[in-house]
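This is upload_21.cif (mmCIF, C-alpha atoms).
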data_my_file
loop_
_atom_site.group_PDB
_atom_site.id
_atom_site.type_symbol
_atom_site.label_atom_id
_atom_site.label_comp_id
_atom_site.auth_asym_id
_atom_site.auth_seq_id
_atom_site.Cartn_x
_atom_site.Cartn_y
_atom_site.Cartn_z
ATOM 1 C CA MET A 11 128.676 24.183 116.024
ATOM 2 C CA ILE A 12 129.336 27.783 117.025
ATOM 3 C CA PHE A 13 132.922 27.608 115.744
ATOM 4 C CA ALA A 14 131.708 26.324 112.371
ATOM 5 C CA TYR A 15 129.193 29.159 112.165
ATOM 6 C CA ILE A 16 131.798 31.784 113.042
ATOM 7 C CA LYS A 17 134.163 30.380 110.425
ATOM 8 C CA ARG A 18 131.427 30.601 107.779
ATOM 9 C CA VAL A 19 130.798 34.220 108.727
ATOM 10 C CA ARG A 20 134.516 34.964 108.515
ATOM 11 C CA LYS A 21 134.638 33.441 105.040
ATOM 12 C CA VAL A 22 131.763 35.603 103.845
ATOM 13 C CA LEU A 23 133.412 38.674 105.352
ATOM 14 C CA ARG A 24 136.721 37.931 103.638
ATOM 15 C CA HIS A 25 134.845 37.672 100.352
ATOM 16 C CA LEU A 26 133.132 41.001 100.969
ATOM 17 C CA LEU A 27 136.372 42.620 102.042
ATOM 18 C CA ILE A 28 138.120 42.035 98.734
ATOM 19 C CA GLY A 29 138.434 45.423 97.155
ATOM 20 C CA HIS A 30 136.444 47.135 99.891
ATOM 21 C CA VAL A 31 138.073 47.111 103.319
ATOM 22 C CA SER A 32 136.436 49.403 105.842
ATOM 23 C CA ASP A 33 136.924 50.070 109.525
ATOM 24 C CA GLU A 34 133.479 48.610 110.153
ATOM 25 C CA HIS A 35 134.355 45.322 108.460
ATOM 26 C CA ILE A 36 137.624 45.036 110.377
ATOM 27 C CA ASP A 37 135.841 45.832 113.620
ATOM 28 C CA LEU A 38 133.257 43.116 112.942
ATOM 29 C CA GLN A 39 135.966 40.561 112.210
ATOM 30 C CA LYS A 40 137.716 41.446 115.460
ATOM 31 C CA LYS A 41 134.486 41.049 117.404
ATOM 32 C CA LEU A 42 133.948 37.603 115.862
ATOM 33 C CA GLU A 43 137.499 36.658 116.822
ATOM 34 C CA ARG A 44 136.864 37.730 120.406
ATOM 35 C CA ILE A 45 133.719 35.578 120.478
ATOM 36 C CA SER A 46 135.715 32.608 119.149
ATOM 37 C CA LEU A 47 138.351 33.120 121.839
ATOM 38 C CA ALA A 48 135.752 33.400 124.578
ATOM 39 C CA VAL A 49 134.055 30.163 123.541
ATOM 40 C CA GLY A 50 137.449 28.484 123.117
ATOM 41 C CA LYS A 51 138.447 29.566 126.618
ATOM 42 C CA GLN A 52 135.350 27.867 128.023
ATOM 43 C CA GLU A 53 136.035 24.741 125.976
ATOM 44 C CA SER A 54 139.592 24.751 127.327
ATOM 45 C CA ARG A 55 138.336 24.782 130.927
ATOM 46 C CA THR A 56 136.148 21.774 130.144
ATOM 47 C CA VAL A 57 138.971 19.878 128.423
ATOM 48 C CA GLN A 58 141.267 20.363 131.421
ATOM 49 C CA LYS A 59 138.910 18.300 133.577
ATOM 50 C CA ILE A 60 138.238 15.330 131.313
ATOM 51 C CA LYS A 61 139.823 11.911 131.776
ATOM 52 C CA THR A 62 140.124 9.922 128.583
ATOM 53 C CA GLU A 63 142.197 7.308 126.804
ATOM 54 C CA ASN A 64 141.335 8.898 123.443
ATOM 55 C CA ILE A 65 142.694 12.390 122.769
ATOM 56 C CA GLN A 66 139.994 12.902 120.142
ATOM 57 C CA ASP A 67 137.539 13.363 123.012
ATOM 58 C CA ALA A 68 139.280 16.673 123.718
ATOM 59 C CA GLU A 69 138.951 18.115 120.225
ATOM 60 C CA PHE A 70 137.670 21.602 119.564
ATOM 61 C CA GLN A 71 138.545 24.128 116.899
ATOM 62 C CA VAL A 72 139.208 27.849 117.200
ATOM 63 C CA PHE A 73 142.137 28.594 114.874
ATOM 64 C CA SER A 74 143.303 25.067 114.053
ATOM 65 C CA GLN A 75 142.240 23.361 110.828
ATOM 66 C CA PHE A 76 140.469 20.581 112.681
ATOM 67 C CA GLY A 77 140.318 19.714 116.400
ATOM 68 C CA GLU A 78 143.970 20.292 117.228
ATOM 69 C CA ASP A 79 143.290 23.283 119.504
ATOM 70 C CA GLY A 80 141.414 21.064 121.935
ATOM 71 C CA ILE A 81 143.972 18.254 121.896
ATOM 72 C CA ILE A 82 146.775 20.729 122.577
ATOM 73 C CA GLN A 83 144.847 22.225 125.499
ATOM 74 C CA TYR A 84 144.282 18.750 126.903
ATOM 75 C CA LEU A 85 147.964 17.837 126.646
ATOM 76 C CA ILE A 86 149.400 21.049 128.098
ATOM 77 C CA HIS A 87 147.208 20.598 131.171
ATOM 78 C CA HIS A 88 148.195 16.950 131.652
ATOM 79 C CA ILE A 89 151.966 17.192 131.385
ATOM 80 C CA PRO A 90 154.407 19.573 133.124
ATOM 81 C CA ILE A 91 155.738 22.318 130.852
ATOM 82 C CA SER A 92 158.256 24.797 132.235
ATOM 83 C CA ASN A 93 159.265 26.567 129.020
ATOM 84 C CA LYS A 94 156.024 27.720 127.377
ATOM 85 C CA THR A 95 157.535 28.186 123.954
ATOM 86 C CA PHE A 96 156.428 26.720 120.626
ATOM 87 C CA VAL A 97 157.865 26.335 117.131
ATOM 88 C CA GLU A 98 155.513 25.837 114.193
ATOM 89 C CA LEU A 99 156.953 24.928 110.804
ATOM 90 C CA GLY A 100 154.415 25.444 108.020
ATOM 91 C CA VAL A 101 151.669 27.924 108.911
ATOM 92 C CA GLY A 102 150.189 29.357 105.730
ATOM 93 C CA ASN A 103 149.228 32.939 106.557
ATOM 94 C CA TYR A 104 148.701 32.072 110.272
ATOM 95 C CA GLU A 105 144.986 32.816 110.260
ATOM 96 C CA GLU A 106 144.611 29.044 110.663
ATOM 97 C CA SER A 107 147.308 27.191 112.607
ATOM 98 C CA ASN A 108 148.030 24.787 115.455
ATOM 99 C CA THR A 109 149.626 27.370 117.745
ATOM 100 C CA ARG A 110 147.587 30.564 117.393
ATOM 101 C CA PHE A 111 145.074 29.654 120.126
ATOM 102 C CA LEU A 112 147.995 28.611 122.337
ATOM 103 C CA LEU A 113 149.549 32.032 121.720
ATOM 104 C CA MET A 114 146.398 34.057 122.381
ATOM 105 C CA ASN A 115 144.644 31.978 125.038
ATOM 106 C CA ASN A 116 147.610 30.729 127.068
ATOM 107 C CA ASN A 117 150.034 33.565 126.308
ATOM 108 C CA TRP A 118 152.801 31.255 125.119
ATOM 109 C CA LYS A 119 155.607 32.682 123.010
ATOM 110 C CA GLY A 120 156.981 31.189 119.858
ATOM 111 C CA LEU A 121 158.328 31.064 116.339
ATOM 112 C CA ILE A 122 156.436 30.486 113.097
ATOM 113 C CA VAL A 123 158.231 29.645 109.853
ATOM 114 C CA ASN A 124 156.749 29.476 106.388
ATOM 115 C CA GLN A 125 157.934 29.697 102.810
ATOM 116 C CA GLY A 126 156.892 32.951 101.153
ATOM 117 C CA THR A 127 155.594 36.059 102.870
ATOM 118 C CA GLU A 128 151.850 35.536 103.348
ATOM 119 C CA HIS A 129 152.263 35.067 107.113
ATOM 120 C CA LEU A 130 154.392 38.216 107.358
ATOM 121 C CA GLU A 131 151.815 40.170 105.379
ATOM 122 C CA TYR A 132 149.006 38.933 107.607
ATOM 123 C CA LEU A 133 150.916 39.965 110.732
ATOM 124 C CA GLN A 134 151.225 43.476 109.267
ATOM 125 C CA SER A 135 147.528 43.692 108.354
ATOM 126 C CA GLU A 136 144.812 45.330 110.429
ATOM 127 C CA MET A 137 143.588 41.907 111.564
ATOM 128 C CA GLY A 138 146.961 40.377 112.385
ATOM 129 C CA LYS A 139 149.242 43.148 113.600
ATOM 130 C CA SER A 140 148.085 42.927 117.225
ATOM 131 C CA LEU A 141 149.580 39.429 117.439
ATOM 132 C CA ARG A 142 153.073 40.916 117.175
ATOM 133 C CA TYR A 143 152.758 43.589 119.852
ATOM 134 C CA LEU A 144 150.480 41.771 122.298
ATOM 135 C CA HIS A 145 152.467 38.526 122.182
ATOM 136 C CA GLN A 146 156.060 37.365 121.823
ATOM 137 C CA LEU A 147 155.774 35.947 118.330
ATOM 138 C CA GLU A 148 158.658 35.714 115.890
ATOM 139 C CA ALA A 149 157.933 35.108 112.199
ATOM 140 C CA VAL A 150 160.490 33.927 109.647
ATOM 141 C CA SER A 151 160.155 33.495 105.895
ATOM 142 C CA SER A 152 162.325 30.636 104.668
ATOM 143 C CA TYR A 153 162.263 27.440 102.660
ATOM 144 C CA ILE A 154 162.989 24.801 105.305
ATOM 145 C CA THR A 155 165.645 22.176 104.583
ATOM 146 C CA LYS A 156 167.610 19.615 106.590
ATOM 147 C CA LYS A 157 170.632 21.892 106.449
ATOM 148 C CA ASN A 158 169.007 25.103 107.648
ATOM 149 C CA VAL A 159 166.227 24.053 110.034
ATOM 150 C CA ASN A 160 168.366 24.093 113.184
ATOM 151 C CA GLU A 161 169.875 27.457 112.300
ATOM 152 C CA ILE A 162 166.434 28.968 111.595
ATOM 153 C CA ILE A 163 165.228 27.909 115.027
ATOM 154 C CA SER A 164 168.345 28.722 117.034
ATOM 155 C CA GLN A 165 168.910 32.163 115.503
ATOM 156 C CA THR A 166 165.760 33.342 117.290
ATOM 157 C CA GLY A 167 167.205 32.223 120.633
ATOM 158 C CA ILE A 168 165.016 29.127 120.958
ATOM 159 C CA ARG A 169 166.979 26.114 122.181
ATOM 160 C CA GLY A 170 166.694 23.011 124.311
ATOM 161 C CA ASP A 171 163.612 22.008 126.277
ATOM 162 C CA ILE A 172 160.500 23.716 124.848
ATOM 163 C CA GLY A 173 156.781 23.110 125.088
ATOM 164 C CA LEU A 174 155.670 22.213 121.579
ATOM 165 C CA LEU A 175 156.819 21.641 118.010
ATOM 166 C CA SER A 176 154.383 21.425 115.098
ATOM 167 C CA ILE A 177 155.516 20.303 111.633
ATOM 168 C CA ASP A 178 153.161 20.577 108.662
ATOM 169 C CA LEU A 179 155.171 21.096 105.488
ATOM 170 C CA ASP A 180 153.226 18.888 103.059
ATOM 171 C CA GLY A 181 156.496 17.379 101.943
ATOM 172 C CA VAL A 182 159.633 16.002 103.543
ATOM 173 C CA ASP A 183 158.343 16.309 107.119
ATOM 174 C CA TYR A 184 159.999 13.062 108.251
ATOM 175 C CA TRP A 185 163.447 14.217 107.160
ATOM 176 C CA ILE A 186 163.036 17.658 108.733
ATOM 177 C CA PHE A 187 161.999 16.127 112.055
ATOM 178 C CA GLU A 188 164.949 13.736 111.888
ATOM 179 C CA ALA A 189 167.311 16.666 111.316
ATOM 180 C CA ILE A 190 166.120 18.780 114.256
ATOM 181 C CA THR A 191 168.589 18.616 117.138
ATOM 182 C CA THR A 192 168.616 22.088 118.719
ATOM 183 C CA ILE A 193 165.263 21.747 120.495
ATOM 184 C CA SER A 194 163.593 19.010 122.530
ATOM 185 C CA PRO A 195 159.841 19.692 122.536
ATOM 186 C CA ARG A 196 157.658 18.028 125.152
ATOM 187 C CA ILE A 197 154.754 17.834 122.698
ATOM 188 C CA LEU A 198 155.214 17.012 119.020
ATOM 189 C CA ILE A 199 152.552 17.370 116.329
ATOM 190 C CA ILE A 200 153.454 16.162 112.865
ATOM 191 C CA GLU A 201 151.360 15.575 109.783
ATOM 192 C CA TYR A 202 151.218 12.074 108.302
ATOM 193 C CA ASP A 203 149.994 10.867 104.928
ATOM 194 C CA SER A 204 147.003 8.655 105.617
ATOM 195 C CA VAL A 205 147.124 7.334 102.039
ATOM 196 C CA PHE A 206 150.335 5.458 102.925
ATOM 197 C CA GLY A 207 148.340 3.281 105.350
ATOM 198 C CA ASP A 208 149.259 1.868 108.762
ATOM 199 C CA THR A 209 151.490 -1.104 107.974
ATOM 200 C CA LYS A 210 154.557 0.273 106.182
ATOM 201 C CA ALA A 211 157.177 2.676 107.499
ATOM 202 C CA ILE A 212 157.647 4.772 104.358
ATOM 203 C CA THR A 213 158.330 8.362 103.377
ATOM 204 C CA VAL A 214 158.861 10.338 100.209
ATOM 205 C CA PRO A 215 162.587 10.639 99.391
ATOM 206 C CA TYR A 216 164.318 13.785 100.585
ATOM 207 C CA LYS A 217 164.606 16.773 98.255
ATOM 208 C CA ASP A 218 165.484 20.314 99.293
ATOM 209 C CA ASP A 219 162.863 21.721 96.947
ATOM 210 C CA PHE A 220 160.119 19.116 97.373
ATOM 211 C CA ASP A 221 156.783 20.522 96.200
ATOM 212 C CA ARG A 222 153.750 18.323 96.743
ATOM 213 C CA ARG A 223 151.864 19.597 93.701
ATOM 214 C CA VAL A 224 154.887 19.427 91.417
ATOM 215 C CA GLU A 225 155.998 15.927 92.453
ATOM 216 C CA HIS A 226 152.667 14.381 91.472
ATOM 217 C CA TYR A 227 149.540 15.980 90.061
ATOM 218 C CA SER A 228 147.231 13.966 92.351
ATOM 219 C CA ASN A 229 148.176 15.977 95.473
ATOM 220 C CA LEU A 230 148.412 12.644 97.343
ATOM 221 C CA TYR A 231 152.160 12.010 97.207
ATOM 222 C CA PHE A 232 153.849 13.724 100.144
ATOM 223 C CA GLY A 233 155.070 13.234 103.692
ATOM 224 C CA ALA A 234 155.436 9.958 105.542
ATOM 225 C CA SER A 235 153.323 7.129 106.856
ATOM 226 C CA LEU A 236 152.274 7.155 110.487
ATOM 227 C CA LYS A 237 154.419 4.098 111.200
ATOM 228 C CA ALA A 238 157.545 5.828 109.881
ATOM 229 C CA LEU A 239 156.910 8.819 112.138
ATOM 230 C CA CYS A 240 156.199 6.582 115.136
ATOM 231 C CA LEU A 241 159.495 4.750 114.685
ATOM 232 C CA LEU A 242 161.456 7.987 114.408
ATOM 233 C CA ALA A 243 159.644 9.568 117.362
ATOM 234 C CA LYS A 244 160.332 6.510 119.524
ATOM 235 C CA LYS A 245 164.007 6.705 118.592
ATOM 236 C CA LYS A 246 163.993 10.341 119.752
ATOM 237 C CA GLY A 247 162.353 9.492 123.071
ATOM 238 C CA TYR A 248 158.627 10.020 122.435
ATOM 239 C CA ILE A 249 155.465 8.004 122.869
ATOM 240 C CA PHE A 250 152.597 8.116 120.398
ATOM 241 C CA VAL A 251 149.422 9.319 122.143
ATOM 242 C CA GLY A 252 147.062 9.394 119.164
ATOM 243 C CA SER A 253 145.835 11.095 115.995
ATOM 244 C CA ASN A 254 143.189 13.703 115.417
ATOM 245 C CA SER A 255 139.824 12.496 114.122
ATOM 246 C CA ALA A 256 140.523 14.052 110.709
ATOM 247 C CA GLY A 257 143.341 11.558 110.188
ATOM 248 C CA ASN A 258 146.154 13.914 109.265
ATOM 249 C CA ASN A 259 148.010 14.879 112.457
ATOM 250 C CA ALA A 260 149.815 12.594 114.896
ATOM 251 C CA PHE A 261 150.526 13.646 118.495
ATOM 252 C CA PHE A 262 153.578 12.571 120.486
ATOM 253 C CA VAL A 263 154.708 13.348 124.038
ATOM 254 C CA ARG A 264 158.254 13.105 125.333
ATOM 255 C CA LYS A 265 158.511 9.934 127.376
ATOM 256 C CA ASP A 266 160.027 11.552 130.470
ATOM 257 C CA VAL A 267 156.967 13.798 130.971
ATOM 258 C CA ALA A 268 154.205 11.521 129.651
ATOM 259 C CA ARG A 269 152.620 10.976 133.103
ATOM 260 C CA GLY A 270 150.577 7.912 132.254
ATOM 261 C CA LEU A 271 149.277 9.075 128.872
ATOM 262 C CA PRO A 272 148.471 6.115 126.599
ATOM 263 C CA ASN A 273 151.366 4.783 124.533
ATOM 264 C CA LEU A 274 149.635 3.610 121.372
ATOM 265 C CA THR A 275 150.779 1.366 118.565
ATOM 266 C CA THR A 276 150.505 2.613 115.000
ATOM 267 C CA LYS A 277 147.466 0.423 114.384
ATOM 268 C CA GLN A 278 145.741 1.634 117.551
ATOM 269 C CA GLY A 279 146.226 5.296 116.713
ATOM 270 C CA TYR A 280 145.960 5.341 112.925
ATOM 271 C CA VAL A 281 142.990 7.234 111.496
ATOM 272 C CA LYS A 282 142.161 7.126 107.808
ATOM 273 C CA ASN A 283 141.440 10.615 106.565
ATOM 274 C CA LEU A 284 138.045 11.226 105.020
ATOM 275 C CA TYR A 285 138.606 14.586 103.341
ATOM 276 C CA ARG A 286 138.920 14.323 99.578
ATOM 277 C CA GLU A 287 141.709 16.437 98.134
ATOM 278 C CA SER A 288 142.826 14.331 95.168
ATOM 279 C CA MET A 289 143.235 16.113 91.819
ATOM 280 C CA ASP A 290 143.433 15.176 88.162
ATOM 281 C CA ILE A 291 146.234 16.246 85.849
ATOM 282 C CA GLN A 292 144.387 19.477 85.046
ATOM 283 C CA GLY A 293 144.345 20.404 88.737
ATOM 284 C CA ARG A 294 140.638 19.721 89.266
ATOM 285 C CA LEU A 295 139.418 17.969 92.401
ATOM 286 C CA THR A 296 138.434 14.341 91.805
ATOM 287 C CA TYR A 297 137.098 13.643 95.320
ATOM 288 C CA LEU A 298 138.515 10.123 95.585
ATOM 289 C CA SER A 299 137.277 8.368 98.736
ATOM 290 C CA ASP A 300 138.361 4.752 98.386
ATOM 291 C CA HIS A 301 141.833 3.946 99.681
ATOM 292 C CA LYS A 302 142.571 1.671 96.721
ATOM 293 C CA ASP A 303 141.664 4.412 94.241
ATOM 294 C CA ARG A 304 143.971 6.835 96.019
ATOM 295 C CA MET A 305 146.840 4.340 96.007
ATOM 296 C CA LYS A 306 146.274 3.536 92.350
ATOM 297 C CA CYS A 307 146.687 7.238 91.604
ATOM 298 C CA ILE A 308 150.251 7.297 92.922
ATOM 299 C CA GLU A 309 151.276 3.797 91.823
ATOM 300 C CA GLY A 310 154.898 3.690 90.671
ATOM 301 C CA MET A 311 156.012 6.692 92.711
ATOM 302 C CA ARG A 312 159.329 6.306 94.529
ATOM 303 C CA ILE A 313 159.351 5.956 98.323
ATOM 304 C CA TYR A 314 161.906 5.137 100.999
ATOM 305 C CA ASN A 315 161.283 2.235 103.379
ATOM 306 C CA ILE A 316 162.612 3.208 106.826
ATOM 307 C CA GLU A 317 162.719 -0.333 108.226
ATOM 308 C CA ILE A 318 164.731 -1.946 105.451
ATOM 309 C CA LYS A 319 166.526 1.265 104.476
ATOM 310 C CA LYS A 320 165.821 0.863 100.771
ATOM 311 C CA PHE A 321 164.016 2.748 98.040
ATOM 312 C CA GLU A 322 160.862 1.143 96.699
ATOM 313 C CA TYR A 323 158.011 1.982 94.366
ATOM 314 C CA ILE A 324 154.386 2.161 95.348
ATOM 315 C CA LYS A 325 152.517 -0.918 94.187
ATOM 316 C CA PHE A 326 148.770 -1.057 93.893
#
Before we go any further, please render this structure as structure tokens.
Amino acid sequence: MIFAYIKRVRKVLRHLLIGHVSDEHIDLQKKLERISLAVGKQESRTVQKIKTENIQDAEFQVFSQFGEDGIIQYLIHHIPISNKTFVELGVGNYEESNTRFLLMNNNWKGLIVNQGTEHLEYLQSEMGKSLRYLHQLEAVSSYITKKNVNEIISQTGIRGDIGLLSIDLDGVDYWIFEAITTISPRILIIEYDSVFGDTKAITVPYKDDFDRRVEHYSNLYFGASLKALCLLAKKKGYIFVGSNSAGNNAFFVRKDVARGLPNLTTKQGYVKNLYRESMDIQGRLTYLSDHKDRMKCIEGMRIYNIEIKKFEYIKF
């Protein structure tokens, strides 16, 4: 509850700050951030001690969109990690991300990559600039493709066995994960498209310039199904340990360091997302809840079936 309250206060402050930034406002935001970190630190101590078969029991939220901060804290305290380095692909402006609490609370180092410059601008702002000089954080602006992803990562000196990789590109995430060869993360977080269900191993076809909102107005056609990601992760030596309760992020752990963590099937770990982000052709939210209505929206769109290695079209 306290995290939700702090986030609401931050939102109000950001609104007030537009056109009128003062030292007092910045100072208040920093104090709220310190409170969030302090509460998150206590939550982290609690999470370290729990024993559970369901990673959702560990959820809490400081800087993550949902409960990913808690799940990450649970996992890093249950598996051995020698190289405390992360890579996060797709971070927005980095105010909200999967690795920021890891950076600030656990003093990990890492790389964040995002298209555009909003994350770079945030890291140069009064609120974000301390992240660069207090922590070893590298930030790169680049459109991520199969051809350049390994170079983007390796040019910062990050290679081999690392702690964590997070992929949230709202697009061709499956193909980017498949292409990554220069690092071997012990923990993998990757977004899945809940609308694609839990029975088919499918993904959107690869395009260098895939844009979720351009490909289909509904905002529902992107990424890959959970089953597709599970098959690829297994091929790369990972077990599937579960999804967050929001039903958008899947968590994997490298098999050689899993230490008895549950190895779930797709059906066991699939969570249908409940947030309603569908849009009409004018770009207005339509708040579709029913799975059939969501599927009907993207009927006829082209997908690639991983198991049979053929292109198909979504059928309602």
Top pick for closest residue to Glu317 in chain A, considering A:Ala211, A:Met305, A:Leu121, A:Leu274 and counting all atoms listed in the file: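 Among A:Ala211, A:Met305, A:Leu121, A:Leu274, it is A:Ala211 that comes nearest to Glu317 in chain A.
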Would you give me, as a Markdown table, each residue of range 123-242 of chain A having an atom within 9 Å of an atom of range 89-105 of chain A, along with its shortest atom pair and that distance in Å to one decimal, using all atoms listed in the file and sorting by chain and residue number?
| residue | atom | partner | partner_atom | distance |
| --- | --- | --- | --- | --- |
| A:Val123 | CA | A:Leu99 | CA | 5.0 |
| A:Asn124 | CA | A:Gly100 | CA | 4.9 |
| A:Gln125 | CA | A:Gly100 | CA | 7.6 |
| A:Gly126 | CA | A:Gly102 | CA | 8.9 |
| A:Thr127 | CA | A:Asn103 | CA | 8.0 |
| A:Glu128 | CA | A:Asn103 | CA | 4.9 |
| A:His129 | CA | A:Asn103 | CA | 3.7 |
| A:Leu130 | CA | A:Asn103 | CA | 7.4 |
| A:Glu131 | CA | A:Asn103 | CA | 7.8 |
| A:Tyr132 | CA | A:Asn103 | CA | 6.1 |
| A:Leu133 | CA | A:Tyr104 | CA | 8.2 |
| A:Gly138 | CA | A:Glu105 | CA | 8.1 |
| A:Ile154 | CA | A:Leu99 | CA | 8.2 |
| A:Ile163 | CA | A:Val97 | CA | 7.8 |
| A:Ile168 | CA | A:Thr95 | CA | 8.1 |
| A:Asp171 | CA | A:Asn93 | CA | 6.9 |
| A:Ile172 | CA | A:Asn93 | CA | 5.2 |
| A:Gly173 | CA | A:Lys94 | CA | 5.2 |
| A:Leu174 | CA | A:Phe96 | CA | 4.7 |
| A:Leu175 | CA | A:Val97 | CA | 4.9 |
| A:Ser176 | CA | A:Glu98 | CA | 4.6 |
| A:Ile177 | CA | A:Leu99 | CA | 4.9 |
| A:Asp178 | CA | A:Gly100 | CA | 5.1 |
| A:Leu179 | CA | A:Gly100 | CA | 5.1 |
| A:Asp180 | CA | A:Gly100 | CA | 8.3 |
| A:Pro195 | CA | A:Phe96 | CA | 8.0 |
| A:Arg196 | CA | A:Ile91 | CA | 7.4 |
Since we have the selection now, will you write its residues out, keeping C-alpha atoms, as a compact mmCIF listing (two decimals), in the coordinates of the input?
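Output (again-v9.txt):
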# COMPACT_ATOMS: atom_id res chain seq x y z
CA VAL A 123 158.23 29.64 109.85
CA ASN A 124 156.75 29.48 106.39
CA GLN A 125 157.93 29.70 102.81
CA GLY A 126 156.89 32.95 101.15
CA THR A 127 155.59 36.06 102.87
CA GLU A 128 151.85 35.54 103.35
CA HIS A 129 152.26 35.07 107.11
CA LEU A 130 154.39 38.22 107.36
CA GLU A 131 151.82 40.17 105.38
CA TYR A 132 149.01 38.93 107.61
CA LEU A 133 150.92 39.97 110.73
CA GLY A 138 146.96 40.38 112.38
CA ILE A 154 162.99 24.80 105.30
CA ILE A 163 165.23 27.91 115.03
CA ILE A 168 165.02 29.13 120.96
CA ASP A 171 163.61 22.01 126.28
CA ILE A 172 160.50 23.72 124.85
CA GLY A 173 156.78 23.11 125.09
CA LEU A 174 155.67 22.21 121.58
CA LEU A 175 156.82 21.64 118.01
CA SER A 176 154.38 21.42 115.10
CA ILE A 177 155.52 20.30 111.63
CA ASP A 178 153.16 20.58 108.66
CA LEU A 179 155.17 21.10 105.49
CA ASP A 180 153.23 18.89 103.06
CA PRO A 195 159.84 19.69 122.54
CA ARG A 196 157.66 18.03 125.15
Counting all atoms listed in the file, which residues of range 194-241 of chain A fall within 6 Å of range 276-300 of chain A, and what is the closest atom pair for each with its distance in Å at one decimal, ordered by chain and rising number, as a tab-separated table?
residue	atom	partner	partner_atom	distance
A:Ser204	CA	A:Lys282	CA	5.5
A:Tyr227	CA	A:Ile291	CA	5.4
A:Ser228	CA	A:Met289	CA	4.6
A:Asn229	CA	A:Ser288	CA	5.6
A:Lys237	CA	A:Thr276	CA	5.7
Interatomic distance, CA of Glu106 in chain A to CA of His88 in chain A (Å, one decimal):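 Interatomic distance, CA of Glu106 in chain A to CA of His88 in chain A: 24.5 Å.
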Name the residues that the PyMOL selection byres ((chain A and resi 262) around 7) picks from the file above, as a PDB file with C-alpha atoms, in the coordinates of the input, using the file's chain letters and numbers.
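The resulting file, expr03.pdb, is shown below:
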ATOM      1  CA  ILE A 197     154.754  17.834 122.698  1.00  0.00           C
ATOM      2  CA  LEU A 198     155.214  17.012 119.020  1.00  0.00           C
ATOM      3  CA  ILE A 199     152.552  17.370 116.329  1.00  0.00           C
ATOM      4  CA  TYR A 248     158.627  10.020 122.435  1.00  0.00           C
ATOM      5  CA  ILE A 249     155.465   8.004 122.869  1.00  0.00           C
ATOM      6  CA  PHE A 250     152.597   8.116 120.398  1.00  0.00           C
ATOM      7  CA  VAL A 251     149.422   9.319 122.143  1.00  0.00           C
ATOM      8  CA  ALA A 260     149.815  12.594 114.896  1.00  0.00           C
ATOM      9  CA  PHE A 261     150.526  13.646 118.495  1.00  0.00           C
ATOM     10  CA  VAL A 263     154.708  13.348 124.038  1.00  0.00           C
ATOM     11  CA  ARG A 264     158.254  13.105 125.333  1.00  0.00           C
TER      12      ARG A 264
END
Residues returned when the PyMOL selection byres ((chain A and resi 49) around 12) runs on this file, as a PyMOL selection string: chain A and resi 11-13+16+42-48+50-56+70-73+80+111+115
Nearest residue to Val159 in chain A from the set A:Ala234, A:Ile190, A:Cys307, A:Ile86 (distances using only C-alpha atoms):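 When distances to Val159 in chain A are compared using only C-alpha atoms, the smallest one comes from A:Ile190.
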Quick one: axis-aligned box around all listed atoms of range 125-128 of chain A, 6 Å on every side, centre and edge lengths in Å to one decimal, written as lines of an AutoDock Vina configuration file.
center_x = 154.9
center_y = 32.9
center_z = 102.3
size_x = 18.1
size_y = 18.4
size_z = 14.2
Point-to-point distance in Å for CA of Gln134 in chain A and CA of Asp219 in chain A: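 Calculated distance between CA of Asp219 in chain A and CA of Gln134 in chain A is 27.6 Å.
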Picked residues, the PyMOL selection byres ((chain A and resi 308) around 9), as a ChimeraX atom specification: /A:226,228,230-231,304-307,309-311,324-326
A:Gly233, A:Gly247, A:Gly252, A:Gly167 ranked by distance to Ile186 in chain A, top pick (using all atoms listed in the file):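 Answer, going by the shortest atom-to-atom distance: A:Gly233.
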Å distance separating CA of Lys156 in chain A from CA of Ala238 in chain A, one decimal place: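 Distance between the two atoms: 17.4 Å.
Close contacts of Pro215 in chain A, defined as residues with an atom at most 9 Å away when counting all atoms listed in the file, with chain neighbours fewer than 3 positions off set aside, comprise Val182, Trp185, Arg312, Ile313, Tyr314 and Phe321 of chain A.
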Gln146 in chain A surroundings by only C-alpha atoms, 12 Å radius, close-in-sequence under 5 positions cut, as a ChimeraX atom specification: /A:94-96,110,112-114,116-122,140-141,166
Pick from A:Tyr84, A:Tyr153, A:Leu236, A:Lys265 nearest to Thr62 in chain A, counting all atoms listed in the file: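 Of all the options, A:Tyr84 lies closest to Thr62 in chain A.
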